[in-house]
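Undergrad: Dropping in query.cif, with mmCIF, C-alpha atoms, pLDDT in the B column; chains and numbers go by the auth columns.
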```cif
data_query
#
loop_
_atom_site.group_PDB
_atom_site.id
_atom_site.type_symbol
_atom_site.label_atom_id
_atom_site.label_comp_id
_atom_site.label_asym_id
_atom_site.label_seq_id
_atom_site.Cartn_x
_atom_site.Cartn_y
_atom_site.Cartn_z
_atom_site.B_iso_or_equiv
_atom_site.auth_seq_id
_atom_site.auth_asym_id
ATOM 1 C CA MET A 1 0.000 0.000 0.000 56.00 1 A
ATOM 2 C CA ASN A 2 1.473 3.340 -1.051 77.00 2 A
ATOM 3 C CA LYS A 3 1.773 6.310 1.287 85.00 3 A
ATOM 4 C CA LYS A 4 -1.038 8.367 -0.259 87.00 4 A
ATOM 5 C CA LEU A 5 -3.476 5.458 -0.048 88.00 5 A
ATOM 6 C CA LYS A 6 -2.726 5.091 3.662 89.00 6 A
ATOM 7 C CA ILE A 7 -3.264 8.824 4.247 90.00 7 A
ATOM 8 C CA TYR A 8 -6.497 9.012 2.241 90.00 8 A
ATOM 9 C CA SER A 9 -7.900 5.869 3.876 91.00 9 A
ATOM 10 C CA THR A 10 -7.102 7.238 7.335 92.00 10 A
ATOM 11 C CA LEU A 11 -8.780 10.562 6.529 91.00 11 A
ATOM 12 C CA PHE A 12 -11.861 8.730 5.253 92.00 12 A
ATOM 13 C CA VAL A 13 -12.148 6.727 8.495 92.00 13 A
ATOM 14 C CA ILE A 14 -11.634 9.869 10.599 92.00 14 A
ATOM 15 C CA ALA A 15 -14.361 11.681 8.637 91.00 15 A
ATOM 16 C CA LEU A 16 -16.767 8.773 9.217 90.00 16 A
ATOM 17 C CA ILE A 17 -16.049 8.774 12.964 91.00 17 A
ATOM 18 C CA VAL A 18 -16.407 12.563 13.284 88.00 18 A
ATOM 19 C CA PHE A 19 -19.712 12.639 11.399 86.00 19 A
ATOM 20 C CA GLY A 20 -20.989 9.645 13.339 83.00 20 A
ATOM 21 C CA ILE A 21 -20.249 11.314 16.682 83.00 21 A
ATOM 22 C CA ALA A 22 -21.635 14.687 15.542 78.00 22 A
ATOM 23 C CA ASN A 23 -24.922 13.127 14.380 74.00 23 A
ATOM 24 C CA THR A 24 -25.308 10.901 17.453 73.00 24 A
ATOM 25 C CA PHE A 25 -24.441 13.196 20.348 65.00 25 A
ATOM 26 C CA HIS A 26 -25.817 16.708 20.786 56.00 26 A
ATOM 27 C CA PHE A 27 -24.597 18.913 23.603 53.00 27 A
ATOM 28 C CA SER A 28 -26.645 21.815 24.889 51.00 28 A
ATOM 29 C CA ALA A 29 -26.017 23.913 27.992 48.00 29 A
ATOM 30 C CA MET A 30 -27.935 27.057 27.216 49.00 30 A
ATOM 31 C CA GLY A 31 -29.095 28.904 30.307 50.00 31 A
ATOM 32 C CA TRP A 32 -31.472 31.842 30.410 50.00 32 A
ATOM 33 C CA SER A 33 -30.166 35.388 30.589 55.00 33 A
ATOM 34 C CA PRO A 34 -33.032 37.726 31.527 55.00 34 A
ATOM 35 C CA ALA A 35 -32.963 41.343 30.356 60.00 35 A
ATOM 36 C CA PRO A 36 -35.734 43.935 30.798 58.00 36 A
ATOM 37 C CA ASP A 37 -35.660 45.078 27.159 65.00 37 A
ATOM 38 C CA ASN A 38 -35.702 41.571 25.635 73.00 38 A
ATOM 39 C CA ASN A 39 -39.015 40.621 24.074 74.00 39 A
ATOM 40 C CA MET A 40 -40.420 39.061 20.931 77.00 40 A
ATOM 41 C CA GLN A 41 -43.805 40.282 19.734 78.00 41 A
ATOM 42 C CA PHE A 42 -45.892 41.303 16.744 81.00 42 A
ATOM 43 C CA GLY A 43 -45.546 44.968 15.896 81.00 43 A
ATOM 44 C CA GLU A 44 -45.243 47.586 13.192 80.00 44 A
ATOM 45 C CA LEU A 45 -42.038 47.854 11.196 79.00 45 A
ATOM 46 C CA PRO A 46 -39.542 50.325 12.720 81.00 46 A
ATOM 47 C CA SER A 47 -38.641 53.454 10.789 80.00 47 A
ATOM 48 C CA ASP A 48 -35.341 52.027 9.512 80.00 48 A
ATOM 49 C CA PHE A 49 -37.359 49.349 7.691 82.00 49 A
ATOM 50 C CA MET A 50 -40.169 51.569 6.426 81.00 50 A
ATOM 51 C CA SER A 51 -40.989 55.268 6.716 80.00 51 A
ATOM 52 C CA THR A 52 -44.287 57.053 6.097 79.00 52 A
ATOM 53 C CA ASP A 53 -44.725 60.583 4.735 78.00 53 A
ATOM 54 C CA THR A 54 -47.863 62.718 4.771 76.00 54 A
ATOM 55 C CA LEU A 55 -48.987 64.105 1.414 76.00 55 A
ATOM 56 C CA PRO A 56 -50.394 67.663 0.965 78.00 56 A
ATOM 57 C CA ASP A 57 -53.885 66.237 0.472 76.00 57 A
ATOM 58 C CA GLY A 58 -53.723 64.484 3.818 72.00 58 A
ATOM 59 C CA GLY A 59 -52.930 61.071 2.427 76.00 59 A
ATOM 60 C CA THR A 60 -49.894 59.025 3.362 76.00 60 A
ATOM 61 C CA VAL A 61 -47.258 57.193 1.373 78.00 61 A
ATOM 62 C CA SER A 62 -44.880 54.556 2.703 79.00 62 A
ATOM 63 C CA TYR A 63 -41.316 53.968 1.573 78.00 63 A
ATOM 64 C CA GLY A 64 -39.590 50.665 2.160 80.00 64 A
ATOM 65 C CA HIS A 65 -35.886 50.783 2.962 79.00 65 A
ATOM 66 C CA PRO A 66 -33.450 48.101 1.763 82.00 66 A
ATOM 67 C CA TYR A 67 -32.502 45.387 4.212 82.00 67 A
ATOM 68 C CA TYR A 68 -30.610 42.113 4.272 81.00 68 A
ATOM 69 C CA THR A 69 -32.219 38.811 5.243 84.00 69 A
ATOM 70 C CA TYR A 70 -30.281 35.959 6.798 85.00 70 A
ATOM 71 C CA GLU A 71 -31.331 32.460 7.824 88.00 71 A
ATOM 72 C CA LEU A 72 -29.866 31.615 11.220 90.00 72 A
ATOM 73 C CA ASN A 73 -29.813 28.444 13.289 90.00 73 A
ATOM 74 C CA VAL A 74 -30.961 29.203 16.811 89.00 74 A
ATOM 75 C CA HIS A 75 -31.445 27.534 20.176 84.00 75 A
ATOM 76 C CA GLN A 76 -34.105 28.625 22.656 81.00 76 A
ATOM 77 C CA TRP A 77 -32.940 29.571 26.119 78.00 77 A
ATOM 78 C CA SER A 78 -34.035 27.296 28.951 73.00 78 A
ATOM 79 C CA ARG A 79 -36.138 29.545 31.165 72.00 79 A
ATOM 80 C CA PRO A 80 -36.074 29.065 34.963 71.00 80 A
ATOM 81 C CA ASP A 81 -39.875 29.465 35.141 72.00 81 A
ATOM 82 C CA HIS A 82 -40.297 26.465 32.790 75.00 82 A
ATOM 83 C CA LYS A 83 -42.380 28.530 30.378 78.00 83 A
ATOM 84 C CA VAL A 84 -42.328 27.363 26.770 81.00 84 A
ATOM 85 C CA LEU A 85 -43.580 28.719 23.452 82.00 85 A
ATOM 86 C CA LEU A 86 -47.089 27.413 22.725 87.00 86 A
ATOM 87 C CA SER A 87 -49.301 27.550 19.655 88.00 87 A
ATOM 88 C CA THR A 88 -53.062 27.205 20.075 91.00 88 A
ATOM 89 C CA ALA A 89 -55.297 26.801 17.036 88.00 89 A
ATOM 90 C CA GLN A 90 -58.719 25.190 16.549 88.00 90 A
ATOM 91 C CA GLY A 91 -58.811 24.029 20.145 87.00 91 A
ATOM 92 C CA GLN A 92 -55.443 22.277 20.095 91.00 92 A
ATOM 93 C CA THR A 93 -52.214 23.411 21.732 93.00 93 A
ATOM 94 C CA TYR A 94 -48.717 22.515 20.569 90.00 94 A
ATOM 95 C CA LYS A 95 -45.273 23.157 21.948 88.00 95 A
ATOM 96 C CA VAL A 96 -43.194 25.101 19.425 86.00 96 A
ATOM 97 C CA GLU A 97 -39.407 25.066 19.319 85.00 97 A
ATOM 98 C CA MET A 98 -37.593 27.392 16.932 85.00 98 A
ATOM 99 C CA GLN A 99 -34.467 25.931 15.383 87.00 99 A
ATOM 100 C CA LYS A 100 -34.068 28.281 12.426 90.00 100 A
ATOM 101 C CA VAL A 101 -35.238 31.861 11.866 90.00 101 A
ATOM 102 C CA LYS A 102 -34.985 34.395 9.077 89.00 102 A
ATOM 103 C CA VAL A 103 -33.757 37.744 10.374 88.00 103 A
ATOM 104 C CA GLY A 104 -34.093 41.044 8.527 86.00 104 A
ATOM 105 C CA MET A 105 -31.405 43.672 9.128 82.00 105 A
ATOM 106 C CA PRO A 106 -31.678 47.190 7.627 82.00 106 A
ATOM 107 C CA VAL A 107 -28.758 48.189 5.433 79.00 107 A
ATOM 108 C CA SER A 108 -28.351 51.346 7.489 75.00 108 A
ATOM 109 C CA ARG A 109 -27.825 49.238 10.614 72.00 109 A
ATOM 110 C CA ALA A 110 -25.780 46.428 9.083 68.00 110 A
ATOM 111 C CA GLY A 111 -22.498 48.244 9.638 66.00 111 A
ATOM 112 C CA SER A 112 -20.499 45.768 7.543 68.00 112 A
ATOM 113 C CA ASN A 113 -20.967 43.826 4.317 73.00 113 A
ATOM 114 C CA ILE A 114 -18.635 41.057 5.458 76.00 114 A
ATOM 115 C CA PRO A 115 -21.400 38.393 5.637 78.00 115 A
ATOM 116 C CA MET A 116 -22.631 39.232 2.125 78.00 116 A
ATOM 117 C CA TYR A 117 -19.088 39.085 0.758 82.00 117 A
ATOM 118 C CA ILE A 118 -18.462 35.697 2.341 83.00 118 A
ATOM 119 C CA ILE A 119 -21.835 34.271 1.298 81.00 119 A
ATOM 120 C CA SER A 120 -21.266 35.500 -2.267 85.00 120 A
ATOM 121 C CA SER A 121 -17.762 34.037 -2.259 87.00 121 A
ATOM 122 C CA ILE A 122 -19.196 30.613 -1.390 86.00 122 A
ATOM 123 C CA ALA A 123 -21.358 30.702 -4.532 88.00 123 A
ATOM 124 C CA ILE A 124 -18.512 31.971 -6.723 91.00 124 A
ATOM 125 C CA VAL A 125 -15.915 29.493 -5.427 89.00 125 A
ATOM 126 C CA SER A 126 -18.423 26.627 -5.678 89.00 126 A
ATOM 127 C CA PHE A 127 -19.178 27.538 -9.302 92.00 127 A
ATOM 128 C CA ILE A 128 -15.477 27.698 -10.231 93.00 128 A
ATOM 129 C CA ILE A 129 -14.731 24.365 -8.548 91.00 129 A
ATOM 130 C CA PHE A 130 -17.705 22.711 -10.247 91.00 130 A
ATOM 131 C CA LEU A 131 -16.385 23.922 -13.614 94.00 131 A
ATOM 132 C CA CYS A 132 -12.987 22.411 -12.822 92.00 132 A
ATOM 133 C CA ILE A 133 -14.619 19.149 -11.749 90.00 133 A
ATOM 134 C CA LEU A 134 -16.696 19.080 -14.953 92.00 134 A
ATOM 135 C CA TYR A 135 -13.506 19.503 -16.978 91.00 135 A
ATOM 136 C CA MET A 136 -11.849 16.626 -15.093 89.00 136 A
ATOM 137 C CA VAL A 137 -14.898 14.382 -15.553 88.00 137 A
ATOM 138 C CA ILE A 138 -14.946 15.035 -19.318 90.00 138 A
ATOM 139 C CA LYS A 139 -11.239 14.197 -19.571 87.00 139 A
ATOM 140 C CA LEU A 140 -11.837 11.071 -17.488 85.00 140 A
ATOM 141 C CA ILE A 141 -14.724 9.905 -19.677 86.00 141 A
ATOM 142 C CA ILE A 142 -12.600 10.368 -22.799 86.00 142 A
ATOM 143 C CA LYS A 143 -9.855 8.189 -21.308 80.00 143 A
ATOM 144 C CA ILE A 144 -12.297 5.477 -20.240 79.00 144 A
ATOM 145 C CA ARG A 145 -13.986 5.397 -23.660 81.00 145 A
ATOM 146 C CA ARG A 146 -10.561 4.782 -25.164 79.00 146 A
ATOM 147 C CA GLY A 147 -10.112 1.826 -22.843 75.00 147 A
ATOM 148 C CA GLU A 148 -7.396 3.580 -20.893 71.00 148 A
ATOM 149 C CA ILE A 149 -8.326 2.745 -17.299 66.00 149 A
ATOM 150 C CA PHE A 150 -5.163 1.689 -15.496 64.00 150 A
ATOM 151 C CA VAL A 151 -3.112 4.691 -16.580 73.00 151 A
ATOM 152 C CA THR A 152 -1.455 7.456 -14.612 80.00 152 A
ATOM 153 C CA LYS A 153 -3.642 10.227 -16.071 83.00 153 A
ATOM 154 C CA VAL A 154 -6.884 8.521 -15.024 83.00 154 A
ATOM 155 C CA SER A 155 -5.521 8.221 -11.493 86.00 155 A
ATOM 156 C CA LYS A 156 -4.477 11.868 -11.532 88.00 156 A
ATOM 157 C CA TYR A 157 -7.890 13.076 -12.791 88.00 157 A
ATOM 158 C CA LEU A 158 -9.667 11.140 -10.053 90.00 158 A
ATOM 159 C CA GLU A 159 -7.284 12.411 -7.394 91.00 159 A
ATOM 160 C CA ILE A 160 -7.645 16.054 -8.477 93.00 160 A
ATOM 161 C CA THR A 161 -11.443 15.727 -8.602 93.00 161 A
ATOM 162 C CA GLY A 162 -11.440 14.247 -5.096 94.00 162 A
ATOM 163 C CA ILE A 163 -9.178 17.011 -3.784 94.00 163 A
ATOM 164 C CA LEU A 164 -11.438 19.674 -5.329 93.00 164 A
ATOM 165 C CA LEU A 165 -14.565 18.180 -3.747 93.00 165 A
ATOM 166 C CA THR A 166 -12.853 17.929 -0.362 94.00 166 A
ATOM 167 C CA CYS A 167 -11.560 21.512 -0.585 93.00 167 A
ATOM 168 C CA LEU A 168 -15.034 22.722 -1.593 92.00 168 A
ATOM 169 C CA TYR A 169 -16.546 21.141 1.511 93.00 169 A
ATOM 170 C CA LEU A 170 -13.855 22.521 3.816 93.00 170 A
ATOM 171 C CA TYR A 171 -14.167 26.011 2.314 92.00 171 A
ATOM 172 C CA GLN A 172 -17.954 26.035 2.706 91.00 172 A
ATOM 173 C CA LEU A 173 -17.592 24.784 6.283 91.00 173 A
ATOM 174 C CA ALA A 174 -15.016 27.439 7.204 91.00 174 A
ATOM 175 C CA ALA A 175 -16.958 30.250 5.495 90.00 175 A
ATOM 176 C CA SER A 176 -20.260 29.324 7.158 89.00 176 A
ATOM 177 C CA TYR A 177 -18.538 29.117 10.553 89.00 177 A
ATOM 178 C CA ILE A 178 -16.996 32.590 10.121 89.00 178 A
ATOM 179 C CA VAL A 179 -20.351 34.073 9.079 88.00 179 A
ATOM 180 C CA THR A 180 -22.097 32.452 12.058 88.00 180 A
ATOM 181 C CA GLN A 181 -19.500 33.807 14.482 88.00 181 A
ATOM 182 C CA TYR A 182 -19.980 37.272 13.007 87.00 182 A
ATOM 183 C CA PHE A 183 -23.745 37.044 13.541 87.00 183 A
ATOM 184 C CA ILE A 184 -23.277 35.753 17.094 86.00 184 A
ATOM 185 C CA SER A 185 -21.263 38.871 17.930 84.00 185 A
ATOM 186 C CA THR A 186 -23.535 41.380 16.170 84.00 186 A
ATOM 187 C CA ILE A 187 -27.128 40.075 16.300 84.00 187 A
ATOM 188 C CA HIS A 188 -28.991 39.579 19.592 83.00 188 A
ATOM 189 C CA LEU A 189 -32.381 37.859 19.616 84.00 189 A
ATOM 190 C CA ALA A 190 -34.807 37.734 22.519 81.00 190 A
ATOM 191 C CA ASP A 191 -34.845 34.315 24.231 80.00 191 A
ATOM 192 C CA LEU A 192 -32.817 32.836 21.352 84.00 192 A
ATOM 193 C CA SER A 193 -29.152 32.115 20.902 85.00 193 A
ATOM 194 C CA ILE A 194 -27.547 31.885 17.474 87.00 194 A
ATOM 195 C CA VAL A 195 -25.648 28.611 17.087 87.00 195 A
ATOM 196 C CA PHE A 196 -23.450 27.082 14.429 88.00 196 A
ATOM 197 C CA LYS A 197 -24.711 23.972 12.674 87.00 197 A
ATOM 198 C CA ASN A 198 -22.830 22.202 9.928 87.00 198 A
ATOM 199 C CA GLU A 199 -25.264 22.226 7.005 86.00 199 A
ATOM 200 C CA CYS A 200 -22.656 21.652 4.293 88.00 200 A
ATOM 201 C CA ASN A 201 -23.252 18.669 2.020 89.00 201 A
ATOM 202 C CA SER A 202 -21.250 15.837 3.593 90.00 202 A
ATOM 203 C CA MET A 203 -21.318 13.935 0.287 91.00 203 A
ATOM 204 C CA PHE A 204 -18.694 16.366 -1.015 93.00 204 A
ATOM 205 C CA ILE A 205 -16.032 15.262 1.448 94.00 205 A
ATOM 206 C CA PHE A 206 -16.952 11.565 1.439 94.00 206 A
ATOM 207 C CA THR A 207 -17.098 11.400 -2.363 93.00 207 A
ATOM 208 C CA GLY A 208 -13.877 13.403 -2.584 94.00 208 A
ATOM 209 C CA LEU A 209 -11.989 11.125 -0.184 94.00 209 A
ATOM 210 C CA ALA A 210 -13.404 8.031 -1.899 94.00 210 A
ATOM 211 C CA LEU A 211 -12.183 9.264 -5.296 92.00 211 A
ATOM 212 C CA MET A 212 -8.762 9.970 -3.829 93.00 212 A
ATOM 213 C CA ILE A 213 -8.605 6.391 -2.496 92.00 213 A
ATOM 214 C CA ILE A 214 -9.773 4.944 -5.825 90.00 214 A
ATOM 215 C CA SER A 215 -7.136 6.987 -7.652 88.00 215 A
ATOM 216 C CA GLN A 216 -4.394 5.303 -5.645 88.00 216 A
ATOM 217 C CA ILE A 217 -5.926 1.848 -6.153 87.00 217 A
ATOM 218 C CA ILE A 218 -5.897 2.477 -9.919 84.00 218 A
ATOM 219 C CA LEU A 219 -2.277 3.579 -9.658 82.00 219 A
ATOM 220 C CA MET A 220 -1.430 0.360 -7.828 82.00 220 A
ATOM 221 C CA GLY A 221 -3.269 -1.594 -10.527 76.00 221 A
ATOM 222 C CA LYS A 222 -1.197 0.161 -13.170 71.00 222 A
ATOM 223 C CA ASP A 223 2.026 -0.781 -11.359 67.00 223 A
ATOM 224 C CA LEU A 224 0.928 -4.426 -11.128 70.00 224 A
ATOM 225 C CA LYS A 225 0.018 -4.424 -14.809 68.00 225 A
ATOM 226 C CA ASP A 226 3.432 -3.006 -15.720 64.00 226 A
ATOM 227 C CA GLU A 227 5.163 -5.638 -13.581 65.00 227 A
ATOM 228 C CA GLN A 228 3.214 -8.436 -15.273 66.00 228 A
ATOM 229 C CA GLU A 229 4.064 -7.117 -18.721 63.00 229 A
ATOM 230 C CA LEU A 230 7.765 -6.985 -17.779 63.00 230 A
ATOM 231 C CA THR A 231 7.588 -10.555 -16.410 65.00 231 A
ATOM 232 C CA ILE A 232 6.024 -11.825 -19.633 57.00 232 A
#
```
As structure tokens, please, write out the structure in this file.
TA:
Amino acid sequence: MNKKLKIYSTLFVIALIVFGIANTFHFSAMGWSPAPDNNMQFGELPSDFMSTDTLPDGGTVSYGHPYYTYELNVHQWSRPDHKVLLSTAQGQTYKVEMQKVKVGMPVSRAGSNIPMYIISSIAIVSFIIFLCILYMVIKLIIKIRRGEIFVTKVSKYLEITGILLTCLYLYQLAASYIVTQYFISTIHLADLSIVFKNECNSMFIFTGLALMIISQIILMGKDLKDEQELTI
């Protein structure tokens, strides 16, 4: 077994263990931090979202101001009075737990465009990597159609494709973590805490590592084939 195959196989096993633990065990130690000005309620939009002007004829006209919207993973605080969020409709009551919310932030209050830059970069980098992967797949298909399977180039195409998929996953994971940490430090929600959850497609890293392993197996097959041809 060559050195790369050992490394890629070890990384694949580590990834399986990490994802298995992450999906099996969930840790939560969120206490409740009371504050007199914390509340969540239905109300009219504040002036930085929408302003209203009075016309000369006594009528009114409203102007909407631009704002960003972000989807955030949240965890509800555990209140000491054991009160929970309830929904009552048509005579039935249900306990409601919010795990994800969409938050609107006025542009005038955003202060920084860092989240938008990072979120946009995820789309741009993903598109570029997918183009590179498409190019590698086309080259790979051409080689296979020619019957060239156990060759160095096929191994290299598979390895590069696997590395690109793995890097794409790691970049999306790092970018989403940075954005979440920014929101944690800048956005404060009543009775809710913003938390980081890994929502990146795990198939990217598993497929990438699997392709990297297969690339080394093909390379080993090529070496065995060359040895047999020399023996003959």
Undergrad: I'd like the neighbourhood of Pro106 of chain A as a PDB file with C-alpha atoms, in the coordinates of the input, where a residue qualifies if any of its atoms comes within 9 Å (using all atoms listed in the file), though same-chain residues fewer than 6 positions away should be ignored.
TA:
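This is the output file selection.pdb:
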```pdb
ATOM      1  CA  ASP A  48     -35.341  52.027   9.512  1.00 80.00           C
ATOM      2  CA  PHE A  49     -37.359  49.349   7.691  1.00 82.00           C
ATOM      3  CA  HIS A  65     -35.886  50.783   2.962  1.00 79.00           C
ATOM      4  CA  PRO A  66     -33.450  48.101   1.763  1.00 82.00           C
ATOM      5  CA  TYR A  67     -32.502  45.387   4.212  1.00 82.00           C
ATOM      6  CA  TYR A  68     -30.610  42.113   4.272  1.00 81.00           C
ATOM      7  CA  THR A  69     -32.219  38.811   5.243  1.00 84.00           C
TER       8      THR A  69
END
```
Undergrad: Compare A:Val74, A:Leu164, A:Met98, A:Ile213 by their minimum atom-to-atom distance to Leu134 of chain A, counting only C-alpha atoms, and give me the closest one.
TA: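 The answer is A:Leu164, which sits nearest to Leu134 of chain A.
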Undergrad: So which one's closest to Ile184 of chain A, A:Val61, A:Leu45, A:Val18, A:Leu72? Using all atoms listed in the file, please.
TA: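 With all atoms listed in the file as the atom set, the closest residue is A:Leu72.
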Undergrad: Mind checking which residues fall within 12 Å of Ile7 of chain A, counting only C-alpha atoms, ignoring those fewer than 3 positions away in the same chain, and posting them as a ChimeraX atom specification?
TA: /A:1-4,10-14,209-210,212-213,216
Undergrad: Which residues of segment 2-28 of chain A sit at most 12 Å from segment 199-203 of chain A, using all atoms listed in the file? Give each one's shortest atom pair and distance in Å (one decimal place), in chain and ascending residue order, as a Markdown table.
TA:
```
| residue | atom | partner | partner_atom | distance |
| --- | --- | --- | --- | --- |
| A:Phe12 | CA | A:Met203 | CA | 11.9 |
| A:Ala15 | CA | A:Ser202 | CA | 9.5 |
| A:Leu16 | CA | A:Ser202 | CA | 10.1 |
| A:Val18 | CA | A:Ser202 | CA | 11.3 |
| A:Phe19 | CA | A:Ser202 | CA | 8.6 |
| A:Gly20 | CA | A:Ser202 | CA | 11.5 |
| A:Ala22 | CA | A:Glu199 | CA | 12.0 |
| A:Asn23 | CA | A:Ser202 | CA | 11.7 |
```
Undergrad: Just to be explicit: take each residue in the selection above, keep C-alpha atoms, and write the result as a PDB file, in the frame of the given file.
TA:
```
ATOM      1  CA  PHE A  12     -11.861   8.730   5.253  1.00 92.00           C
ATOM      2  CA  ALA A  15     -14.361  11.681   8.637  1.00 91.00           C
ATOM      3  CA  LEU A  16     -16.767   8.773   9.217  1.00 90.00           C
ATOM      4  CA  VAL A  18     -16.407  12.563  13.284  1.00 88.00           C
ATOM      5  CA  PHE A  19     -19.712  12.639  11.399  1.00 86.00           C
ATOM      6  CA  GLY A  20     -20.989   9.645  13.339  1.00 83.00           C
ATOM      7  CA  ALA A  22     -21.635  14.687  15.542  1.00 78.00           C
ATOM      8  CA  ASN A  23     -24.922  13.127  14.380  1.00 74.00           C
TER       9      ASN A  23
END
```
Undergrad: Grab the atom CA of Gly221 of chain A to atom CA of Leu131 of chain A distance for me, in Å with one decimal place.
TA: 28.9 Å
Undergrad: When the PyMOL selection byres ((chain A and resi 109-125) around 8) is applied to the structure above, which residues does it catch, written out as a list of chain:residue names?
TA: A:Met105, A:Pro106, A:Val107, A:Ser108, A:Ser126, A:Phe127, A:Ile128, A:Ile129, A:Leu168, A:Tyr171, A:Gln172, A:Ala175, A:Ser176, A:Val179, A:Tyr182
Undergrad: Box along x, y and z, 5 Å on every side, all listed atoms of segment 38-43 of chain A inside: centre and edge lengths in Å to one decimal, as lines of an AutoDock Vina configuration file.
TA:
```
center_x = -40.8
center_y = 42.0
center_z = 20.8
size_x = 20.2
size_y = 15.9
size_z = 19.7
```
Undergrad: Tell me, in Å to one decimal, how far atom CA of Thr161 of chain A is from atom CA of Ile21 of chain A.
TA: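 Interatomic distance here is 27.1 Å.
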Undergrad: What separation in Å, quoted to one decimal, exists between atom CA of Lys156 of chain A and atom CA of Thr207 of chain A?
TA: 15.6 Å
Undergrad: Please identify all polymer residues within 10 Å of Lys153 of chain A, counting all atoms listed in the file, omitting same-chain residues fewer than 5 positions from it, and present them as a list in words.
TA: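 Residues meeting the cut-off are Lys139, Leu140, Lys143, Glu148, Leu158, Glu159, Ser215 and Leu219 of chain A.
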Undergrad: Between A:Ile144, A:Val154, A:Thr24, A:Ile217, which one has atoms that come closest to Lys6 of chain A, using only C-alpha atoms?
TA: A:Ile217
Undergrad: Nearest residue to Ser78 of chain A out of A:Ile160, A:Val151, A:Ile141, A:Leu192, using only C-alpha atoms?
TA: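 Using only C-alpha atoms, the shortest distance to Ser78 of chain A belongs to A:Leu192.
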Undergrad: Report the residues retrieved by the PyMOL selection byres ((chain A and resi 97) around 9) from the displayed file, expressed as a PyMOL selection string.
TA: chain A and resi 75-76+84-86+95-96+98-99
Undergrad: Nearest residue to Phe206 of chain A out of A:Tyr135, A:Tyr177, A:Tyr63, A:Tyr8, using only C-alpha atoms?
TA: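 Under the stated criterion, the closest residue is A:Tyr8.
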Undergrad: Could you check which of A:Leu211, A:Ile187, A:Leu170, A:Val103 is closest to Val137 of chain A, using all atoms listed in the file?
TA: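 Using all atoms listed in the file, the shortest distance to Val137 of chain A belongs to A:Leu211.
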